[in-house]
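J.: Provided herewith: query.cif, mmCIF, C-alpha atoms, pLDDT in the B column; chains and numbers go by the auth columns.
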```cif
data_target
#
loop_
_atom_site.group_PDB
_atom_site.id
_atom_site.type_symbol
_atom_site.label_atom_id
_atom_site.label_comp_id
_atom_site.label_asym_id
_atom_site.label_seq_id
_atom_site.Cartn_x
_atom_site.Cartn_y
_atom_site.Cartn_z
_atom_site.B_iso_or_equiv
_atom_site.auth_seq_id
_atom_site.auth_asym_id
ATOM 1 C CA MET A 1 -48.273 -5.747 -88.570 72.00 1 A
ATOM 2 C CA ARG A 2 -51.845 -7.012 -88.470 88.00 2 A
ATOM 3 C CA PHE A 3 -51.342 -8.885 -85.204 94.00 3 A
ATOM 4 C CA THR A 4 -50.362 -5.751 -83.282 94.00 4 A
ATOM 5 C CA LEU A 5 -53.447 -3.863 -84.385 93.00 5 A
ATOM 6 C CA ALA A 6 -55.603 -6.871 -83.477 93.00 6 A
ATOM 7 C CA LEU A 7 -53.840 -7.069 -80.094 94.00 7 A
ATOM 8 C CA ILE A 8 -54.657 -3.456 -79.246 93.00 8 A
ATOM 9 C CA LYS A 9 -58.261 -3.806 -80.403 90.00 9 A
ATOM 10 C CA THR A 10 -58.699 -7.004 -78.391 88.00 10 A
ATOM 11 C CA MET A 11 -57.326 -5.357 -75.255 87.00 11 A
ATOM 12 C CA LEU A 12 -59.723 -2.461 -75.727 86.00 12 A
ATOM 13 C CA ARG A 13 -62.692 -4.793 -76.217 80.00 13 A
ATOM 14 C CA ALA A 14 -61.690 -7.050 -73.329 71.00 14 A
ATOM 15 C CA GLY A 15 -62.192 -4.133 -70.979 61.00 15 A
ATOM 16 C CA TYR A 16 -65.870 -4.010 -71.932 63.00 16 A
ATOM 17 C CA TYR A 17 -66.635 -7.713 -71.419 61.00 17 A
ATOM 18 C CA ALA A 18 -66.464 -10.035 -68.436 62.00 18 A
ATOM 19 C CA PRO A 19 -63.554 -12.527 -68.855 59.00 19 A
ATOM 20 C CA GLY A 20 -65.924 -15.430 -69.502 65.00 20 A
ATOM 21 C CA HIS A 21 -68.079 -13.622 -72.049 66.00 21 A
ATOM 22 C CA PRO A 22 -68.304 -15.593 -75.343 68.00 22 A
ATOM 23 C CA GLU A 23 -67.243 -12.613 -77.462 67.00 23 A
ATOM 24 C CA ALA A 24 -64.213 -11.966 -75.273 65.00 24 A
ATOM 25 C CA LYS A 25 -63.171 -15.637 -75.283 71.00 25 A
ATOM 26 C CA LYS A 26 -63.531 -15.931 -79.050 75.00 26 A
ATOM 27 C CA GLY A 27 -61.492 -12.793 -79.668 76.00 27 A
ATOM 28 C CA LEU A 28 -58.691 -13.989 -77.383 83.00 28 A
ATOM 29 C CA THR A 29 -58.648 -17.470 -78.926 86.00 29 A
ATOM 30 C CA ASP A 30 -58.444 -16.073 -82.454 89.00 30 A
ATOM 31 C CA LEU A 31 -55.693 -13.684 -81.412 92.00 31 A
ATOM 32 C CA HIS A 32 -53.576 -16.451 -79.876 94.00 32 A
ATOM 33 C CA SER A 33 -53.865 -18.456 -83.098 94.00 33 A
ATOM 34 C CA GLU A 34 -52.701 -15.419 -85.047 95.00 34 A
ATOM 35 C CA PHE A 35 -49.805 -14.968 -82.610 96.00 35 A
ATOM 36 C CA VAL A 36 -48.655 -18.568 -83.125 96.00 36 A
ATOM 37 C CA LEU A 37 -48.690 -18.113 -86.906 95.00 37 A
ATOM 38 C CA LEU A 38 -46.795 -14.837 -86.624 94.00 38 A
ATOM 39 C CA MET A 39 -44.059 -16.230 -84.393 95.00 39 A
ATOM 40 C CA GLY A 40 -42.996 -19.168 -86.556 94.00 40 A
ATOM 41 C CA ASP A 41 -39.530 -20.061 -85.247 93.00 41 A
ATOM 42 C CA ARG A 42 -39.108 -16.788 -83.341 93.00 42 A
ATOM 43 C CA ALA A 43 -38.598 -17.034 -79.572 88.00 43 A
ATOM 44 C CA GLU A 44 -40.578 -14.039 -78.339 90.00 44 A
ATOM 45 C CA LEU A 45 -42.136 -10.719 -79.266 94.00 45 A
ATOM 46 C CA THR A 46 -41.502 -7.577 -77.224 92.00 46 A
ATOM 47 C CA TYR A 47 -43.398 -4.298 -77.098 95.00 47 A
ATOM 48 C CA MET A 48 -41.248 -1.597 -75.534 90.00 48 A
ATOM 49 C CA VAL A 49 -41.811 2.064 -74.737 91.00 49 A
ATOM 50 C CA THR A 50 -38.901 4.086 -76.084 86.00 50 A
ATOM 51 C CA VAL A 51 -38.234 7.479 -74.580 78.00 51 A
ATOM 52 C CA THR A 52 -36.524 10.430 -76.229 75.00 52 A
ATOM 53 C CA ALA A 53 -36.015 13.984 -75.060 74.00 53 A
ATOM 54 C CA ASP A 54 -39.403 15.129 -76.338 77.00 54 A
ATOM 55 C CA ASP A 55 -41.454 12.066 -77.224 82.00 55 A
ATOM 56 C CA ARG A 56 -42.463 8.504 -76.398 87.00 56 A
ATOM 57 C CA ALA A 57 -43.088 5.737 -78.887 90.00 57 A
ATOM 58 C CA ILE A 58 -43.541 1.971 -78.970 94.00 58 A
ATOM 59 C CA THR A 59 -40.975 -0.326 -80.539 92.00 59 A
ATOM 60 C CA ILE A 60 -41.428 -3.969 -81.539 94.00 60 A
ATOM 61 C CA ASP A 61 -38.473 -6.248 -80.841 90.00 61 A
ATOM 62 C CA GLY A 62 -38.042 -9.894 -81.775 89.00 62 A
ATOM 63 C CA TYR A 63 -39.884 -9.900 -85.090 91.00 63 A
ATOM 64 C CA ASP A 64 -37.020 -8.667 -87.251 89.00 64 A
ATOM 65 C CA ASP A 65 -33.259 -8.526 -86.771 83.00 65 A
ATOM 66 C CA ALA A 66 -33.513 -4.955 -85.502 84.00 66 A
ATOM 67 C CA PRO A 67 -36.241 -3.260 -83.433 86.00 67 A
ATOM 68 C CA LEU A 68 -39.112 -1.789 -85.455 90.00 68 A
ATOM 69 C CA PRO A 69 -40.874 1.452 -84.500 91.00 69 A
ATOM 70 C CA LEU A 70 -44.584 0.722 -84.364 91.00 70 A
ATOM 71 C CA GLU A 71 -45.398 3.595 -86.712 87.00 71 A
ATOM 72 C CA ARG A 72 -43.379 1.851 -89.429 87.00 72 A
ATOM 73 C CA VAL A 73 -45.537 -1.281 -89.394 86.00 73 A
ATOM 74 C CA MET A 74 -48.951 0.370 -89.047 88.00 74 A
ATOM 75 C CA LYS A 75 -50.788 2.729 -91.355 87.00 75 A
ATOM 76 C CA GLN A 76 -50.694 6.373 -90.355 85.00 76 A
ATOM 77 C CA ASP A 77 -54.396 6.573 -89.497 88.00 77 A
ATOM 78 C CA ALA A 78 -54.166 3.477 -87.294 89.00 78 A
ATOM 79 C CA THR A 79 -50.981 4.766 -85.664 89.00 79 A
ATOM 80 C CA SER A 80 -52.497 8.094 -84.635 90.00 80 A
ATOM 81 C CA LEU A 81 -55.625 6.392 -83.290 91.00 81 A
ATOM 82 C CA PHE A 82 -54.339 3.251 -81.594 92.00 82 A
ATOM 83 C CA VAL A 83 -50.770 3.971 -80.433 92.00 83 A
ATOM 84 C CA PRO A 84 -51.933 6.489 -77.776 92.00 84 A
ATOM 85 C CA LYS A 85 -54.457 3.898 -76.565 92.00 85 A
ATOM 86 C CA PHE A 86 -51.726 1.248 -76.439 94.00 86 A
ATOM 87 C CA LEU A 87 -49.536 3.603 -74.412 94.00 87 A
ATOM 88 C CA GLU A 88 -52.402 4.013 -71.947 92.00 88 A
ATOM 89 C CA PHE A 89 -52.165 0.311 -71.067 92.00 89 A
ATOM 90 C CA PHE A 90 -48.447 0.712 -70.343 93.00 90 A
ATOM 91 C CA ASP A 91 -49.067 3.823 -68.254 92.00 91 A
ATOM 92 C CA ARG A 92 -51.901 2.162 -66.342 90.00 92 A
ATOM 93 C CA TRP A 93 -49.515 -0.422 -64.889 91.00 93 A
ATOM 94 C CA ASN A 94 -46.383 1.765 -64.751 89.00 94 A
ATOM 95 C CA LEU A 95 -45.023 -0.557 -67.434 90.00 95 A
ATOM 96 C CA LEU A 96 -42.162 -0.026 -69.896 89.00 96 A
ATOM 97 C CA SER A 97 -42.209 -3.306 -71.813 90.00 97 A
ATOM 98 C CA PHE A 98 -43.736 -6.739 -72.053 94.00 98 A
ATOM 99 C CA SER A 99 -42.444 -9.771 -73.940 91.00 99 A
ATOM 100 C CA LEU A 100 -44.675 -12.619 -75.091 95.00 100 A
ATOM 101 C CA LYS A 101 -42.836 -15.917 -75.376 92.00 101 A
ATOM 102 C CA ALA A 102 -43.739 -18.063 -78.372 93.00 102 A
ATOM 103 C CA THR A 103 -44.451 -21.010 -76.052 91.00 103 A
ATOM 104 C CA ILE A 104 -47.214 -19.233 -74.140 94.00 104 A
ATOM 105 C CA SER A 105 -50.367 -21.343 -73.910 93.00 105 A
ATOM 106 C CA PRO A 106 -53.784 -20.033 -74.998 92.00 106 A
ATOM 107 C CA GLU A 107 -54.918 -20.011 -71.359 91.00 107 A
ATOM 108 C CA GLU A 108 -51.943 -17.985 -70.120 93.00 108 A
ATOM 109 C CA PHE A 109 -52.224 -15.662 -73.116 94.00 109 A
ATOM 110 C CA HIS A 110 -55.891 -15.053 -72.275 91.00 110 A
ATOM 111 C CA THR A 111 -55.118 -14.486 -68.590 91.00 111 A
ATOM 112 C CA PHE A 112 -52.427 -11.922 -69.347 93.00 112 A
ATOM 113 C CA LEU A 113 -54.512 -9.895 -71.801 91.00 113 A
ATOM 114 C CA VAL A 114 -57.555 -9.870 -69.527 88.00 114 A
ATOM 115 C CA LEU A 115 -55.312 -8.681 -66.694 89.00 115 A
ATOM 116 C CA MET A 116 -53.794 -5.923 -68.833 89.00 116 A
ATOM 117 C CA SER A 117 -57.259 -4.821 -69.938 86.00 117 A
ATOM 118 C CA GLN A 118 -58.678 -4.292 -66.466 83.00 118 A
ATOM 119 C CA PRO A 119 -60.296 -0.871 -65.986 76.00 119 A
ATOM 120 C CA PRO A 120 -58.020 1.767 -64.458 69.00 120 A
ATOM 121 C CA GLU A 121 -58.106 2.292 -60.707 75.00 121 A
ATOM 122 C CA ALA A 122 -57.111 5.134 -58.446 64.00 122 A
ATOM 123 C CA SER A 123 -53.566 3.768 -58.194 72.00 123 A
ATOM 124 C CA GLN A 124 -52.982 3.533 -61.955 76.00 124 A
ATOM 125 C CA GLY A 125 -49.551 4.651 -63.110 76.00 125 A
ATOM 126 C CA THR A 126 -48.061 4.379 -59.633 80.00 126 A
ATOM 127 C CA THR A 127 -45.691 2.036 -57.849 84.00 127 A
ATOM 128 C CA ASP A 128 -48.738 0.448 -56.195 88.00 128 A
ATOM 129 C CA ALA A 129 -50.172 -0.407 -59.612 87.00 129 A
ATOM 130 C CA ALA A 130 -46.872 -2.026 -60.591 85.00 130 A
ATOM 131 C CA LYS A 131 -46.896 -4.066 -57.374 86.00 131 A
ATOM 132 C CA ARG A 132 -50.454 -5.221 -58.072 89.00 132 A
ATOM 133 C CA LEU A 133 -49.416 -6.326 -61.554 88.00 133 A
ATOM 134 C CA THR A 134 -46.466 -8.282 -60.172 85.00 134 A
ATOM 135 C CA GLN A 135 -48.652 -9.971 -57.567 88.00 135 A
ATOM 136 C CA ALA A 136 -51.247 -10.829 -60.205 90.00 136 A
ATOM 137 C CA PHE A 137 -48.529 -12.510 -62.281 88.00 137 A
ATOM 138 C CA LEU A 138 -47.610 -14.631 -59.267 84.00 138 A
ATOM 139 C CA ASP A 139 -51.190 -15.426 -58.278 88.00 139 A
ATOM 140 C CA GLN A 140 -52.193 -16.415 -61.808 90.00 140 A
ATOM 141 C CA HIS A 141 -48.904 -18.155 -62.624 85.00 141 A
ATOM 142 C CA ILE A 142 -48.046 -16.022 -65.642 89.00 142 A
ATOM 143 C CA ILE A 143 -44.503 -17.143 -66.458 84.00 143 A
ATOM 144 C CA HIS A 144 -44.332 -16.811 -70.244 88.00 144 A
ATOM 145 C CA VAL A 145 -44.618 -13.030 -70.214 90.00 145 A
ATOM 146 C CA SER A 146 -41.662 -10.900 -69.122 86.00 146 A
ATOM 147 C CA THR A 147 -42.181 -7.311 -68.032 88.00 147 A
ATOM 148 C CA VAL A 148 -40.085 -4.279 -67.181 86.00 148 A
ATOM 149 C CA LEU A 149 -41.625 -1.667 -64.899 83.00 149 A
ATOM 150 C CA ASN A 150 -40.562 1.934 -64.458 80.00 150 A
ATOM 151 C CA ASP A 151 -39.143 1.087 -61.049 79.00 151 A
ATOM 152 C CA ASP A 152 -37.006 -1.723 -62.518 74.00 152 A
ATOM 153 C CA ILE A 153 -34.758 0.439 -64.685 73.00 153 A
ATOM 154 C CA VAL A 154 -31.064 0.005 -63.916 69.00 154 A
ATOM 155 C CA GLY A 155 -28.276 2.403 -64.767 61.00 155 A
ATOM 156 C CA LYS A 156 -30.366 5.545 -64.333 65.00 156 A
ATOM 157 C CA GLU A 157 -27.265 7.393 -63.209 66.00 157 A
ATOM 158 C CA ARG A 158 -25.240 6.182 -66.208 66.00 158 A
ATOM 159 C CA ARG A 159 -25.467 7.247 -69.838 71.00 159 A
ATOM 160 C CA LEU A 160 -26.297 3.838 -71.254 71.00 160 A
ATOM 161 C CA PRO A 161 -28.246 3.338 -74.493 72.00 161 A
ATOM 162 C CA TRP A 162 -31.959 2.974 -73.765 64.00 162 A
ATOM 163 C CA ARG A 163 -32.190 -0.509 -75.269 69.00 163 A
ATOM 164 C CA LEU A 164 -29.255 -1.740 -73.181 73.00 164 A
ATOM 165 C CA LYS A 165 -30.858 -0.334 -70.025 72.00 165 A
ATOM 166 C CA MET A 166 -34.057 -2.172 -70.880 70.00 166 A
ATOM 167 C CA ALA A 167 -32.256 -5.468 -71.535 74.00 167 A
ATOM 168 C CA LEU A 168 -30.339 -5.292 -68.247 73.00 168 A
ATOM 169 C CA SER A 169 -33.463 -4.272 -66.343 70.00 169 A
ATOM 170 C CA ARG A 170 -35.490 -7.119 -67.780 69.00 170 A
ATOM 171 C CA LEU A 171 -32.851 -9.735 -66.987 73.00 171 A
ATOM 172 C CA ARG A 172 -32.613 -8.549 -63.389 72.00 172 A
ATOM 173 C CA ARG A 173 -36.397 -8.475 -62.938 71.00 173 A
ATOM 174 C CA ASP A 174 -36.907 -11.926 -64.476 70.00 174 A
ATOM 175 C CA LEU A 175 -34.277 -13.482 -62.219 68.00 175 A
ATOM 176 C CA ARG A 176 -35.771 -11.779 -59.164 68.00 176 A
ATOM 177 C CA MET A 177 -39.233 -13.063 -60.022 67.00 177 A
ATOM 178 C CA LEU A 178 -38.222 -16.722 -60.296 65.00 178 A
ATOM 179 C CA PRO A 179 -38.025 -17.588 -56.563 62.00 179 A
ATOM 180 C CA LEU A 180 -41.487 -16.088 -56.049 60.00 180 A
ATOM 181 C CA TYR A 181 -43.228 -18.719 -58.181 63.00 181 A
ATOM 182 C CA LYS A 182 -43.863 -21.085 -55.299 61.00 182 A
ATOM 183 C CA GLY A 183 -46.053 -23.445 -57.311 64.00 183 A
ATOM 184 C CA ALA A 184 -43.410 -24.189 -59.936 64.00 184 A
ATOM 185 C CA SER A 185 -41.443 -27.434 -59.798 69.00 185 A
ATOM 186 C CA PRO A 186 -37.606 -27.386 -59.769 73.00 186 A
ATOM 187 C CA GLU A 187 -37.625 -28.679 -63.356 73.00 187 A
ATOM 188 C CA GLU A 188 -39.984 -25.910 -64.439 67.00 188 A
ATOM 189 C CA ILE A 189 -37.857 -23.284 -62.692 64.00 189 A
ATOM 190 C CA GLN A 190 -34.737 -24.576 -64.456 68.00 190 A
ATOM 191 C CA ARG A 191 -36.500 -24.504 -67.818 65.00 191 A
ATOM 192 C CA ILE A 192 -37.714 -20.957 -67.213 63.00 192 A
ATOM 193 C CA LYS A 193 -34.198 -19.901 -66.193 63.00 193 A
ATOM 194 C CA THR A 194 -32.910 -21.121 -69.537 64.00 194 A
ATOM 195 C CA GLN A 195 -35.690 -19.268 -71.347 60.00 195 A
ATOM 196 C CA ILE A 196 -34.869 -16.105 -69.413 57.00 196 A
ATOM 197 C CA VAL A 197 -31.073 -16.049 -69.404 58.00 197 A
ATOM 198 C CA GLU A 198 -30.402 -16.940 -73.036 57.00 198 A
ATOM 199 C CA PRO A 199 -32.720 -14.302 -74.578 57.00 199 A
ATOM 200 C CA GLY A 200 -31.622 -11.798 -71.941 53.00 200 A
ATOM 201 C CA LEU A 201 -27.923 -12.213 -72.677 53.00 201 A
ATOM 202 C CA SER A 202 -28.651 -12.170 -76.400 56.00 202 A
ATOM 203 C CA LYS A 203 -30.461 -8.837 -76.090 55.00 203 A
ATOM 204 C CA ILE A 204 -27.645 -7.385 -73.988 49.00 204 A
ATOM 205 C CA SER A 205 -25.045 -8.510 -76.546 50.00 205 A
ATOM 206 C CA TRP A 206 -27.066 -7.077 -79.443 47.00 206 A
ATOM 207 C CA SER A 207 -27.662 -3.812 -77.600 50.00 207 A
ATOM 208 C CA THR A 208 -23.951 -3.477 -76.861 46.00 208 A
ATOM 209 C CA VAL A 209 -22.995 -4.129 -80.484 40.00 209 A
ATOM 210 C CA THR A 210 -25.536 -1.718 -81.952 47.00 210 A
ATOM 211 C CA SER A 211 -24.638 1.033 -79.491 44.00 211 A
ATOM 212 C CA SER A 212 -20.926 0.667 -80.318 41.00 212 A
ATOM 213 C CA GLN A 213 -21.747 0.805 -84.022 38.00 213 A
ATOM 214 C CA GLN A 214 -23.722 3.994 -83.506 37.00 214 A
ATOM 215 C CA THR A 215 -20.651 5.537 -81.893 31.00 215 A
ATOM 216 C CA TRP A 216 -18.799 5.212 -85.200 28.00 216 A
ATOM 217 C CA ILE A 217 -21.608 6.492 -87.435 26.00 217 A
#
```
Hey, can you dump this file as structure tokens for me?
T.:
Amino acid sequence: MRFTLALIKTMLRAGYYAPGHPEAKKGLTDLHSEFVLLMGDRAELTYMVTVTADDRAITIDGYDDAPLPLERVMKQDATSLFVPKFLEFFDRWNLLSFSLKATISPEEFHTFLVLMSQPPEASQGTTDAAKRLTQAFLDQHIIHVSTVLNDDIVGKERRLPWRLKMALSRLRRDLRMLPLYKGASPEEIQRIKTQIVEPGLSKISWSTVTSSQQTWI
């Protein structure tokens, strides 16, 4: 997927430029245009860290009917070079997934990517880093990006499929975040609720179905 490779490269470059630098702004504008073309009638695109007993990988959800491992949509050379760098951004913020809604504006898209690309600090990968990310979302009114942090995972004590855990964790986090957006109007909050609940329930339903199918295979 060309967009994903461009996304990673843009995030890497954004860390070298000030947010208002012409090169940074042009790269972000071009990337948002590519995102809009990619999405078509899709609702959102999710990048999710998947964890197995001995490895971590990144999965793309929302582009196809089923989740796609990133290594299946990128060439091998690009995968070995850029996937570890992409994982570094997740680790920096103690992040497990982020979902870009198709309705995100260019300005909010730019704000999110610049935020994600900030140089690492002493607290990277910790609960404090996750709290700073959450506060930055509130301060900069980022409402068309949903995230799941390591501390958000539900069902740790239960043997649930990983994708179902992620879907439940995201729904809970999104609903908890809503009251914190003090600048949003009641109408905007209601609209965001609809955008959150419907995709969230859809992901939970799909995760439940696929996990039950796997039981029979």
J.: With the PyMOL selection byres ((chain A and resi 70-72) around 12) as the selection, what would be picked from this file? Answer as a ChimeraX atom specification, please.
T.: /A:1-5,46-50,56-61,63,67-69,73-84,86-87
J.: In Å to one decimal, how far is CA of Leu45 in chain A from CA of Leu100 in chain A?
T.: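 Value for the CA of Leu100 in chain A-CA of Leu45 in chain A distance: 5.2 Å.
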J.: Could you check how far CA of Met11 in chain A sits from CA of Glu108 in chain A, in Å to one decimal?
T.: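 Computed distance, CA of Met11 in chain A to CA of Glu108 in chain A, equals 14.7 Å.
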J.: I'd like the contact shell of His144 in chain A - 9 Å cut-off, all atoms listed in the file, skipping same-chain residues fewer than 6 positions apart - returned as a PyMOL selection string.
T.: chain A and resi 99-105+108-109+192
J.: Have a look at CA of His141 in chain A and CA of His110 in chain A and let me know their distance in Å, one decimal.
T.: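 According to the coordinates, CA of His141 in chain A and CA of His110 in chain A are separated by 12.3 Å.
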J.: Using the atoms already present, construct N, CA and C atoms for range 97-111 of chain A and hand them back as an mmCIF file, in the frame of the given file.
T.:
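This is the output file rebuild-v1.cif:
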```cif
data_model
loop_
_atom_site.group_PDB
_atom_site.id
_atom_site.type_symbol
_atom_site.label_atom_id
_atom_site.label_comp_id
_atom_site.auth_asym_id
_atom_site.auth_seq_id
_atom_site.Cartn_x
_atom_site.Cartn_y
_atom_site.Cartn_z
ATOM 1 N N SER A 97 -42.223 -2.316 -70.736
ATOM 2 C CA SER A 97 -42.209 -3.306 -71.813
ATOM 3 C C SER A 97 -42.861 -4.597 -71.352
ATOM 4 N N PHE A 98 -43.348 -5.360 -72.329
ATOM 5 C CA PHE A 98 -43.736 -6.739 -72.053
ATOM 6 C C PHE A 98 -43.333 -7.601 -73.240
ATOM 7 N N SER A 99 -42.920 -8.825 -72.933
ATOM 8 C CA SER A 99 -42.444 -9.771 -73.940
ATOM 9 C C SER A 99 -43.278 -11.036 -73.868
ATOM 10 N N LEU A 100 -43.869 -11.401 -74.998
ATOM 11 C CA LEU A 100 -44.675 -12.619 -75.091
ATOM 12 C C LEU A 100 -43.811 -13.735 -75.655
ATOM 13 N N LYS A 101 -43.620 -14.785 -74.892
ATOM 14 C CA LYS A 101 -42.836 -15.917 -75.376
ATOM 15 C C LYS A 101 -43.679 -16.760 -76.328
ATOM 16 N N ALA A 102 -43.025 -17.295 -77.353
ATOM 17 C CA ALA A 102 -43.739 -18.063 -78.372
ATOM 18 C C ALA A 102 -44.425 -19.290 -77.789
ATOM 19 N N THR A 103 -43.917 -19.785 -76.656
ATOM 20 C CA THR A 103 -44.451 -21.010 -76.052
ATOM 21 C C THR A 103 -45.629 -20.757 -75.117
ATOM 22 N N ILE A 104 -46.104 -19.533 -75.041
ATOM 23 C CA ILE A 104 -47.214 -19.233 -74.140
ATOM 24 C C ILE A 104 -48.461 -20.004 -74.579
ATOM 25 N N SER A 105 -49.161 -20.566 -73.607
ATOM 26 C CA SER A 105 -50.367 -21.343 -73.910
ATOM 27 C C SER A 105 -51.545 -20.394 -74.154
ATOM 28 N N PRO A 106 -52.593 -20.878 -74.816
ATOM 29 C CA PRO A 106 -53.784 -20.033 -74.998
ATOM 30 C C PRO A 106 -54.347 -19.532 -73.673
ATOM 31 N N GLU A 107 -54.350 -20.394 -72.655
ATOM 32 C CA GLU A 107 -54.918 -20.011 -71.359
ATOM 33 C C GLU A 107 -54.114 -18.887 -70.702
ATOM 34 N N GLU A 108 -52.782 -19.020 -70.732
ATOM 35 C CA GLU A 108 -51.943 -17.985 -70.120
ATOM 36 C C GLU A 108 -52.007 -16.690 -70.924
ATOM 37 N N PHE A 109 -52.069 -16.815 -72.225
ATOM 38 C CA PHE A 109 -52.224 -15.662 -73.116
ATOM 39 C C PHE A 109 -53.511 -14.917 -72.778
ATOM 40 N N HIS A 110 -54.602 -15.659 -72.624
ATOM 41 C CA HIS A 110 -55.891 -15.053 -72.275
ATOM 42 C C HIS A 110 -55.799 -14.344 -70.924
ATOM 43 N N THR A 111 -55.209 -15.035 -69.945
ATOM 44 C CA THR A 111 -55.118 -14.486 -68.590
ATOM 45 C C THR A 111 -54.358 -13.171 -68.583
#
```
